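target_38.txt, holding compact mmCIF, C-alpha atoms:
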# COMPACT_ATOMS: atom_id res chain seq x y z
CA MET B 1 0.27 -18.37 -19.24
CA GLY B 2 3.93 -18.54 -18.13
CA LYS B 3 4.24 -22.25 -18.91
CA VAL B 4 5.08 -21.54 -22.54
CA PHE B 5 8.26 -19.72 -21.51
CA LEU B 6 10.25 -22.69 -20.32
CA ILE B 7 13.17 -22.15 -22.63
CA ASN B 8 15.25 -19.02 -22.55
CA GLN B 9 16.87 -19.27 -25.92
CA PHE B 10 19.39 -16.45 -25.42
CA HIS B 11 20.58 -16.37 -21.82
CA GLU B 12 19.69 -19.28 -19.65
CA ARG B 13 19.67 -18.07 -16.06
CA PRO B 14 18.70 -20.48 -13.32
CA MET B 15 17.61 -17.60 -11.06
CA MET B 16 15.02 -16.33 -13.52
CA THR B 17 11.71 -18.06 -12.80
CA GLU B 18 8.14 -17.07 -13.47
CA GLU B 19 7.82 -16.47 -9.74
CA ASN B 20 10.70 -14.03 -9.39
CA ILE B 21 9.82 -12.11 -12.54
CA LYS B 22 6.18 -11.90 -11.51
CA PHE B 23 6.35 -8.13 -11.05
CA ILE B 24 8.57 -7.46 -14.07
CA ALA B 25 6.56 -6.42 -17.10
CA PHE B 26 7.42 -7.86 -20.51
CA CYS B 27 8.88 -4.48 -21.50
CA GLY B 28 11.17 -4.41 -18.45
CA LEU B 29 9.18 -1.90 -16.40
CA HIS B 30 8.73 -2.92 -12.77
CA CYS B 31 5.09 -3.17 -11.68
CA ALA B 32 6.06 -3.34 -8.02
CA SER B 33 7.82 0.05 -8.24
CA CYS B 34 4.98 1.77 -10.05
CA PRO B 35 2.72 4.24 -8.19
CA GLY B 36 -0.21 2.71 -10.10
CA HIS B 37 0.47 -0.72 -8.61
CA LYS B 38 1.15 0.59 -5.10
CA GLY B 39 -2.01 2.70 -5.23
CA ARG B 40 -0.97 5.01 -2.39
CA ILE B 41 -1.12 8.17 -4.50
CA ALA B 42 -4.50 7.11 -5.90
CA ASN B 43 -5.87 6.47 -2.40
CA LEU B 44 -4.59 9.76 -0.99
CA ALA B 45 -5.89 11.72 -4.00
CA ARG B 46 -9.28 9.99 -3.80
CA ASP B 47 -9.63 10.71 -0.07
CA LEU B 48 -8.60 14.35 -0.43
CA ARG B 49 -11.04 14.79 -3.33
CA ALA B 50 -13.86 13.39 -1.17
CA GLU B 51 -12.95 15.63 1.76
CA LEU B 52 -12.88 18.76 -0.43
CA THR B 53 -16.37 17.88 -1.64
CA ALA B 54 -17.60 17.14 1.89
CA GLU B 55 -16.30 20.51 3.11
CA ARG B 56 -17.87 22.22 0.10
CA ILE B 57 -14.54 23.73 -0.93
CA ASP B 58 -15.55 23.10 -4.55
CA ASP B 59 -18.47 25.49 -4.11
CA THR B 60 -16.50 28.22 -2.38
CA ALA B 61 -13.10 28.10 -4.11
CA GLU B 62 -14.10 30.52 -6.84
CA ALA B 63 -15.45 33.09 -4.39
CA MET B 64 -12.42 32.62 -2.17
CA SER B 65 -10.03 33.16 -5.09
CA SER B 66 -10.98 36.83 -5.22
CA GLU B 67 -9.36 37.29 -1.78
CA PRO B 68 -5.61 37.97 -2.08
CA ALA B 69 -4.81 35.29 0.52
CA PHE B 70 -6.67 32.66 -1.52
CA GLU B 71 -5.49 33.76 -4.97
CA VAL B 72 -4.00 30.32 -5.60
CA PHE B 73 -7.58 29.02 -5.89
CA LYS B 74 -7.75 30.63 -9.34
CA ASN B 75 -6.11 27.33 -10.37
CA TYR B 76 -8.62 25.22 -8.44
CA GLY B 77 -10.17 23.77 -11.63
CA GLU B 78 -6.79 22.58 -12.95
CA PHE B 79 -5.93 21.25 -9.49
CA ILE B 80 -9.11 19.16 -9.38
CA ARG B 81 -8.49 17.74 -12.86
CA VAL B 82 -5.01 16.59 -11.86
CA LEU B 83 -6.27 15.30 -8.50
CA GLU B 84 -8.95 13.24 -10.26
CA MET B 85 -6.38 11.86 -12.68
CA LEU B 86 -4.15 10.88 -9.75
CA SER B 87 -7.09 9.18 -8.05
CA ARG B 88 -7.62 7.00 -11.14
CA MET B 89 -3.95 6.06 -11.40
CA ARG B 90 -4.41 2.54 -10.16
CA CYS B 91 -3.76 -0.89 -11.76
CA ASP B 92 -5.88 -3.74 -10.48
CA LYS B 93 -3.66 -6.34 -12.17
CA ILE B 94 0.04 -6.59 -12.90
CA CYS B 95 1.31 -6.73 -16.49
CA ARG B 96 2.02 -10.47 -16.44
CA GLU B 97 -1.56 -11.11 -15.29
CA GLY B 98 -2.95 -9.05 -18.15
CA GLY B 99 -3.10 -5.62 -16.48
CA GLY B 100 -2.99 -2.45 -18.53
CA ASN B 101 -3.70 -2.12 -22.23
CA PRO B 102 -4.78 -5.50 -23.69
CA GLN B 103 -3.25 -4.41 -27.00
CA CYS B 104 0.16 -3.57 -25.49
CA VAL B 105 2.51 -4.22 -28.42
CA PRO B 106 5.64 -5.35 -26.53
CA ARG B 107 3.57 -7.85 -24.54
CA LEU B 108 1.85 -9.25 -27.64
CA CYS B 109 5.25 -9.46 -29.35
CA CYS B 110 6.75 -11.36 -26.41
CA TYR B 111 3.77 -13.78 -26.41
CA GLU B 112 4.31 -14.36 -30.11
CA LYS B 113 8.05 -14.93 -29.73
CA ARG B 114 7.47 -17.07 -26.65
CA ILE B 115 9.99 -15.12 -24.62
CA ARG B 116 9.66 -13.96 -21.02
CA GLY B 117 10.37 -10.37 -21.85
CA CYS B 118 12.03 -7.98 -24.27
CA TRP B 119 15.37 -8.62 -22.55
CA GLU B 120 15.36 -12.01 -24.23
CA CYS B 121 15.07 -10.44 -27.70
CA ALA B 122 18.21 -9.44 -29.62
CA GLU B 123 16.49 -6.37 -31.06
CA PHE B 124 15.32 -4.50 -27.97
CA GLU B 125 18.02 -1.80 -28.16
CA THR B 126 16.49 -0.42 -31.34
CA CYS B 127 12.95 -1.79 -31.18
CA GLU B 128 10.36 0.84 -32.08
CA LYS B 129 7.66 -1.08 -30.24
CA LEU B 130 9.18 0.20 -27.01
CA ASP B 131 9.25 3.85 -28.07
CA PHE B 132 5.85 4.73 -26.57
CA LEU B 133 7.18 3.83 -23.11
CA LYS B 134 10.19 6.10 -23.25
CA PRO B 135 8.30 9.21 -22.08
CA PHE B 136 7.49 7.32 -18.86
CA ALA B 137 10.78 5.59 -18.32
CA GLY B 138 13.38 7.56 -20.29
CA ASN B 139 16.74 5.83 -20.81
CA LYS B 140 16.13 3.67 -17.77
CA LEU B 141 13.96 1.32 -19.83
CA ILE B 142 16.80 0.16 -22.09
CA GLU B 143 19.27 0.17 -19.18
CA ASP B 144 16.92 -2.09 -17.21
CA LEU B 145 16.52 -4.45 -20.16
CA ARG B 146 20.33 -4.66 -20.43
CA THR B 147 20.56 -5.41 -16.71
CA LEU B 148 17.97 -8.17 -17.03
CA ARG B 149 19.76 -9.63 -20.04
CA ASP B 150 23.33 -9.36 -18.70
CA LYS B 151 23.05 -9.60 -14.91
CA GLY B 152 19.70 -11.18 -14.17
CA VAL B 153 16.72 -10.47 -11.94
CA GLU B 154 18.56 -9.85 -8.68
CA ALA B 155 20.71 -7.08 -10.13
CA TYR B 156 17.61 -5.56 -11.70
CA ILE B 157 15.73 -5.61 -8.38
CA ARG B 158 18.74 -4.12 -6.57
CA GLY B 159 18.70 -1.27 -9.09
CA LYS B 160 15.00 -0.71 -8.40
CA SER B 161 15.39 -0.57 -4.63
CA LYS B 162 18.06 2.13 -5.06
CA GLY B 163 15.42 4.12 -6.91
CA MET O 1 -18.12 21.42 27.00
CA LEU O 2 -20.45 24.27 26.19
CA GLU O 3 -17.88 26.78 27.39
CA GLU O 4 -15.24 25.17 25.21
CA ASN O 5 -17.54 25.31 22.23
CA ALA O 6 -18.42 28.92 22.99
CA GLU O 7 -14.73 29.68 22.64
CA LEU O 8 -15.01 28.47 19.05
CA ILE O 9 -17.47 31.22 18.11
CA GLY O 10 -15.57 33.99 16.33
CA TYR O 11 -16.36 37.63 17.06
CA CYS O 12 -18.04 37.82 13.65
CA GLY O 13 -20.32 34.86 14.47
CA LEU O 14 -18.53 32.30 12.31
CA TYR O 15 -17.80 29.06 14.08
CA CYS O 16 -14.13 27.98 14.17
CA GLY O 17 -15.12 24.39 14.99
CA ASP O 18 -16.72 24.08 11.56
CA CYS O 19 -13.83 25.46 9.59
CA PRO O 20 -11.57 23.12 7.58
CA GLY O 21 -8.60 25.17 8.84
CA TYR O 22 -9.48 24.44 12.46
CA LYS O 23 -10.26 20.76 11.84
CA GLY O 24 -7.02 20.32 9.90
CA LYS O 25 -8.14 17.21 8.05
CA ILE O 26 -7.68 18.68 4.57
CA ALA O 27 -4.26 20.05 5.57
CA ASP O 28 -3.20 16.61 6.84
CA MET O 29 -4.43 14.89 3.67
CA ALA O 30 -2.75 17.42 1.39
CA ARG O 31 0.50 17.03 3.37
CA ASP O 32 0.38 13.23 3.00
CA LEU O 33 -0.24 13.45 -0.74
CA VAL O 34 2.57 16.01 -1.22
CA THR O 35 4.92 13.70 0.73
CA GLU O 36 3.97 10.66 -1.33
CA LEU O 37 4.28 12.53 -4.64
CA ALA O 38 7.75 13.71 -3.62
CA ALA O 39 8.76 10.18 -2.54
CA GLU O 40 7.71 8.90 -5.98
CA ARG O 41 9.50 11.82 -7.69
CA PHE O 42 6.23 12.52 -9.38
CA ASP O 43 7.34 15.96 -10.55
CA GLU O 44 9.77 14.33 -13.01
CA LEU O 45 7.33 11.57 -13.92
CA SER O 46 4.43 13.95 -14.52
CA GLU O 47 6.50 15.98 -16.98
CA LEU O 48 7.27 12.85 -19.00
CA MET O 49 3.74 11.48 -18.72
CA SER O 50 2.06 14.75 -19.72
CA GLU O 51 3.28 14.17 -23.29
CA VAL O 52 1.31 10.91 -23.50
CA VAL O 53 -2.25 10.84 -24.86
CA GLY O 54 -4.70 10.46 -21.99
CA PHE O 55 -2.36 12.10 -19.45
CA GLU O 56 -2.53 15.67 -20.79
CA ALA O 57 -4.05 16.92 -17.50
CA LEU O 58 -0.59 16.47 -15.98
CA LYS O 59 0.58 19.54 -17.89
CA ASP O 60 -1.04 21.42 -14.98
CA TYR O 61 0.83 19.40 -12.36
CA SER O 62 2.78 22.42 -11.07
CA GLN O 63 -0.49 24.35 -10.48
CA CYS O 64 -1.83 21.27 -8.70
CA VAL O 65 1.18 21.20 -6.40
CA GLN O 66 0.77 24.94 -5.69
CA VAL O 67 -2.82 24.37 -4.53
CA LEU O 68 -1.81 21.25 -2.58
CA THR O 69 0.96 23.16 -0.82
CA PHE O 70 -1.51 25.93 0.00
CA LEU O 71 -4.01 23.41 1.39
CA GLU O 72 -1.22 21.87 3.45
CA GLY O 73 -0.80 25.24 5.16
CA LEU O 74 -4.54 25.71 5.65
CA ARG O 75 -4.36 25.01 9.34
CA CYS O 76 -5.21 27.21 12.32
CA ASP O 77 -3.31 26.47 15.48
CA LYS O 78 -5.52 28.85 17.46
CA THR O 79 -9.12 29.98 17.47
CA CYS O 80 -10.31 33.47 16.50
CA ARG O 81 -10.67 34.42 20.16
CA GLU O 82 -7.05 33.35 20.70
CA ASP O 83 -6.02 35.76 17.94
CA CYS O 84 -5.83 33.33 15.07
CA GLY O 85 -5.86 34.74 11.57
CA ASN O 86 -5.45 38.33 10.50
CA PRO O 87 -4.29 40.44 13.48
CA ALA O 88 -5.95 43.46 11.85
CA CYS O 89 -9.35 41.74 11.51
CA GLY O 90 -11.88 44.64 11.56
CA PRO O 91 -14.77 42.91 13.39
CA ARG O 92 -12.47 41.51 16.10
CA GLN O 93 -10.79 44.86 16.74
CA CYS O 94 -14.18 46.57 16.81
CA CYS O 95 -15.69 44.07 19.30
CA ARG O 96 -12.71 44.43 21.58
CA SER O 97 -12.90 48.21 21.52
CA LEU O 98 -16.66 48.04 22.22
CA GLU O 99 -15.97 45.39 24.89
CA ILE O 100 -18.62 43.03 23.55
CA PRO O 101 -18.26 39.24 23.04
CA GLY O 102 -19.25 39.44 19.40
CA CYS O 103 -21.00 41.40 16.64
CA TRP O 104 -24.37 39.89 17.65
CA GLU O 105 -24.39 42.24 20.63
CA CYS O 106 -24.01 45.27 18.40
CA ALA O 107 -27.17 46.96 17.10
CA GLU O 108 -25.50 47.77 13.78
CA PHE O 109 -24.35 44.38 12.57
CA GLU O 110 -27.06 44.04 9.88
CA THR O 111 -25.58 46.94 7.93
CA CYS O 112 -21.99 46.98 9.23
CA LYS O 113 -19.47 47.36 6.42
CA LYS O 114 -16.73 45.76 8.54
CA LEU O 115 -18.40 42.38 7.93
CA ASP O 116 -18.62 42.78 4.15
CA PHE O 117 -15.32 41.07 3.39
CA LEU O 118 -16.68 37.82 4.87
CA LYS O 119 -19.81 37.70 2.73
CA PRO O 120 -18.37 36.42 -0.56
CA LEU O 121 -17.12 33.30 1.17
CA HIS O 122 -19.69 32.70 3.88
CA GLY O 123 -22.83 34.12 2.26
CA GLU O 124 -26.03 34.03 4.31
CA ILE O 125 -24.45 31.95 7.04
CA LEU O 126 -22.74 35.00 8.50
CA MET O 127 -25.91 37.03 9.10
CA ASN O 128 -27.95 33.95 10.01
CA ASN O 129 -25.43 33.07 12.71
CA LEU O 130 -25.41 36.60 14.09
CA ARG O 131 -29.21 36.73 14.18
CA LYS O 132 -29.40 33.36 15.94
CA LEU O 133 -26.76 34.43 18.44
CA ARG O 134 -28.63 37.68 19.08
CA ASP O 135 -32.10 36.13 19.29
CA LEU O 136 -31.38 32.73 20.89
CA GLY O 137 -28.16 33.34 22.81
CA VAL O 138 -24.89 31.38 22.71
CA GLU O 139 -26.20 28.23 24.39
CA ASP O 140 -29.14 27.69 22.04
CA PHE O 141 -26.96 28.61 19.06
CA LEU O 142 -24.51 25.87 20.00
CA ASN O 143 -27.27 23.36 20.67
CA GLY O 144 -29.16 24.44 17.60
CA GLU O 145 -28.92 23.21 14.08
CA GLY O 146 -25.66 21.30 14.14
CA VAL O 147 -22.18 22.62 13.62
CA SER O 148 -22.11 21.79 9.94
CA ASP O 149 -24.27 24.78 9.15
CA LYS O 150 -22.41 27.35 11.17
CA SER O 151 -19.65 28.52 8.85
CA ILE O 152 -19.58 27.23 5.34
CA PRO O 153 -22.36 28.16 2.94
As structure tokens, what does this structure read like?
Amino acid sequence: MGKVFLINQFHERPMMTEENIKFIAFCGLHCASCPGHKGRIANLARDLRAELTAERIDDTAEAMSSEPAFEVFKNYGEFIRVLEMLSRMRCDKICREGGGNPQCVPRLCCYEKRIRGCWECAEFETCEKLDFLKPFAGNKLIEDLRTLRDKGVEAYIRGKSKG
Amino acid sequence: MLEENAELIGYCGLYCGDCPGYKGKIADMARDLVTELAAERFDELSELMSEVVGFEALKDYSQCVQVLTFLEGLRCDKTCREDCGNPACGPRQCCRSLEIPGCWECAEFETCKKLDFLKPLHGEILMNNLRKLRDLGVEDFLNGEGVSDKSIP
């Protein structure tokens, strides 16, 4: 898949290879930093969900919630819905290997333009195709794309490790 | 071993060794999840994500954290006989004043109102345990039907 991206038509950077951008999504998000890729939250949520079932807390939470000390269990239903969502928050593939939504617009656009990511496109600052990601990433998305464009992968990764 | 297990029988007949609070596994798991969510700054992320179709459940993230934090604290460091739980527990105070090891040695337990507050949570288990303890004795109770049936309905 990556073989078509041999030429970086805007900013040739010798340090940017398919190997070192492996975990950088086309949109500039970082798969390696994502809870979905790490899977720790999903594992912990899954195991807690199973333990609550095994201990039959699901069956007793409602009765317990009538006791003042267990009043917080009035929200047990909402808690379980969030816990189950967290337990599903897991990507089995990274973006560059086709993980996530197969119709992801920025990825399809990058394929079409034969660029390695939005940072290689002159229009990313105002591109509406990236708008749906802004609730997840806020301003950091465009900042990260600027870093990738102007300073390269290493600076981008340094920014990620700082959190 | 039997003596140790006998120490896990509460005055009311519930069995501490069967209780999630005594085992602490749920509390440990909730603690680990709370720690990981904080490390990932998931409170900020969940607020942003909750606006996205498919992630609406995250609007209840704060309630989820409240329950998680509660579960994290659901941990007994002592057994009932070591004064864990409510210091004003009616059955425990009553047994101590009657100088009996538990309600099963009291002729009135079947109709005792002091046990009522435990019934919504523990259902039939409470009376079944007390009857077994009365009829079979502590040793046979402990060797009986397996700890998983002693406290939780």
- Message: Could you tell me which residues of chain O sit within 8 Å of chain B when counting all atoms listed in the file, and give me the result as a VMD selection string?
- Response: chain O and resid 20 26 29 to 30 32 to 33 36 to 37 40 45 48 to 49 51 to 52 55 57 to 58 60 to 61 63 to 67 70 120 to 121 152 to 153
- Nearest to O:Leu68, restricted to all atoms listed in the file and choosing among O:Lys119, O:Asn128, O:Arg31, O:Cys16, comes out as O:Arg31
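Proximity to B:Val105 was assessed for B:Ile24, B:Lys93, B:Met16, B:Glu128 counting only C-alpha atoms; the smallest distance is recorded for B:Glu128.
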- When distances are computed from only C-alpha atoms, which of B:Lys140, B:Arg114, B:Arg96, B:Arg146 shows the smallest separation from B:Ala32? B:Arg96
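Counting all atoms listed in the file and comparing B:Ala54, B:Leu145, B:Val153, B:Cys109, the residue that lies closest to O:Lys25 is B:Ala54.
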- Could you give me, as JSON, numbers by chain, the residues within 9 Å of O:Glu7, counting only C-alpha atoms and dropping anything in the same chain fewer than 5 positions from it? {"O": [2, 16, 79, 80, 81, 82]}
Please produce stretch 83-109 of chain B, completed to N, CA, C and O atoms, as a CSV table (one decimal), in the frame of the given file.
chain,number,residue,atom,x,y,z
B,83,LEU,N,-6.0,16.1,-9.7
B,83,LEU,CA,-6.3,15.3,-8.5
B,83,LEU,C,-7.1,14.1,-8.9
B,83,LEU,O,-6.9,13.0,-8.5
B,84,GLU,N,-8.1,14.3,-9.8
B,84,GLU,CA,-9.0,13.2,-10.3
B,84,GLU,C,-8.2,12.3,-11.1
B,84,GLU,O,-8.4,11.0,-11.0
B,85,MET,N,-7.2,12.8,-11.9
B,85,MET,CA,-6.4,11.9,-12.7
B,85,MET,C,-5.5,11.0,-11.7
B,85,MET,O,-5.4,9.8,-11.9
B,86,LEU,N,-5.0,11.6,-10.7
B,86,LEU,CA,-4.2,10.9,-9.8
B,86,LEU,C,-5.0,9.8,-9.1
B,86,LEU,O,-4.5,8.7,-8.8
B,87,SER,N,-6.2,10.1,-8.8
B,87,SER,CA,-7.1,9.2,-8.0
B,87,SER,C,-7.5,8.0,-8.9
B,87,SER,O,-7.9,6.9,-8.4
B,88,ARG,N,-7.3,8.1,-10.2
B,88,ARG,CA,-7.6,7.0,-11.1
B,88,ARG,C,-6.4,6.2,-11.5
B,88,ARG,O,-6.4,5.2,-12.2
B,89,MET,N,-5.2,6.7,-11.0
B,89,MET,CA,-4.0,6.1,-11.4
B,89,MET,C,-3.7,4.8,-10.6
B,89,MET,O,-2.9,4.8,-9.6
B,90,ARG,N,-4.4,3.7,-11.0
B,90,ARG,CA,-4.4,2.5,-10.2
B,90,ARG,C,-4.6,1.3,-11.1
B,90,ARG,O,-5.5,1.3,-11.9
B,91,CYS,N,-3.6,0.3,-11.0
B,91,CYS,CA,-3.8,-0.9,-11.8
B,91,CYS,C,-4.3,-2.0,-10.8
B,91,CYS,O,-3.8,-2.2,-9.7
B,92,ASP,N,-5.4,-2.7,-11.3
B,92,ASP,CA,-5.9,-3.7,-10.5
B,92,ASP,C,-5.2,-5.1,-10.8
B,92,ASP,O,-5.3,-6.0,-10.0
B,93,LYS,N,-4.4,-5.1,-11.9
B,93,LYS,CA,-3.7,-6.3,-12.2
B,93,LYS,C,-2.3,-5.9,-12.6
B,93,LYS,O,-2.1,-4.9,-13.2
B,94,ILE,N,-1.3,-6.8,-12.4
B,94,ILE,CA,0.0,-6.6,-12.9
B,94,ILE,C,0.1,-7.0,-14.4
B,94,ILE,O,-0.8,-7.6,-14.9
B,95,CYS,N,1.2,-6.5,-15.0
B,95,CYS,CA,1.3,-6.7,-16.5
B,95,CYS,C,1.2,-8.2,-16.8
B,95,CYS,O,0.5,-8.6,-17.8
B,96,ARG,N,1.9,-9.0,-16.1
B,96,ARG,CA,2.0,-10.5,-16.4
B,96,ARG,C,0.7,-11.2,-16.2
B,96,ARG,O,0.5,-12.3,-16.6
B,97,GLU,N,-0.2,-10.5,-15.5
B,97,GLU,CA,-1.6,-11.1,-15.3
B,97,GLU,C,-2.6,-10.4,-16.2
B,97,GLU,O,-3.8,-10.6,-16.0
B,98,GLY,N,-2.1,-9.7,-17.2
B,98,GLY,CA,-3.0,-9.0,-18.2
B,98,GLY,C,-3.4,-7.6,-17.8
B,98,GLY,O,-4.3,-7.1,-18.5
B,99,GLY,N,-2.7,-7.0,-16.8
B,99,GLY,CA,-3.1,-5.6,-16.5
B,99,GLY,C,-2.7,-4.7,-17.6
B,99,GLY,O,-1.9,-5.0,-18.5
B,100,GLY,N,-3.3,-3.5,-17.5
B,100,GLY,CA,-3.0,-2.4,-18.5
B,100,GLY,C,-3.7,-2.7,-19.9
B,100,GLY,O,-4.7,-3.5,-20.0
B,101,ASN,N,-3.1,-2.1,-20.9
B,101,ASN,CA,-3.7,-2.1,-22.2
B,101,ASN,C,-3.6,-3.5,-22.8
B,101,ASN,O,-2.5,-4.1,-23.0
B,102,PRO,N,-4.8,-4.1,-23.1
B,102,PRO,CA,-4.8,-5.5,-23.7
B,102,PRO,C,-4.0,-5.6,-25.0
B,102,PRO,O,-3.6,-6.6,-25.4
B,103,GLN,N,-3.9,-4.4,-25.7
B,103,GLN,CA,-3.2,-4.4,-27.0
B,103,GLN,C,-1.8,-4.0,-26.9
B,103,GLN,O,-1.2,-3.7,-27.9
B,104,CYS,N,-1.2,-4.0,-25.7
B,104,CYS,CA,0.2,-3.6,-25.5
B,104,CYS,C,1.1,-4.3,-26.4
B,104,CYS,O,1.2,-5.6,-26.4
B,105,VAL,N,1.7,-3.6,-27.3
B,105,VAL,CA,2.5,-4.2,-28.4
B,105,VAL,C,3.7,-5.0,-27.9
B,105,VAL,O,3.9,-6.2,-28.4
B,106,PRO,N,4.5,-4.5,-27.0
B,106,PRO,CA,5.6,-5.4,-26.5
B,106,PRO,C,5.2,-6.7,-25.9
B,106,PRO,O,5.7,-7.7,-26.1
B,107,ARG,N,4.1,-6.6,-25.2
B,107,ARG,CA,3.6,-7.8,-24.5
B,107,ARG,C,3.1,-8.9,-25.6
B,107,ARG,O,3.5,-10.0,-25.5
B,108,LEU,N,2.3,-8.4,-26.6
B,108,LEU,CA,1.8,-9.2,-27.6
B,108,LEU,C,3.0,-9.8,-28.4
B,108,LEU,O,3.0,-11.0,-28.8
B,109,CYS,N,4.1,-9.0,-28.6
B,109,CYS,CA,5.2,-9.5,-29.4
B,109,CYS,C,6.0,-10.6,-28.6
B,109,CYS,O,6.4,-11.6,-29.1
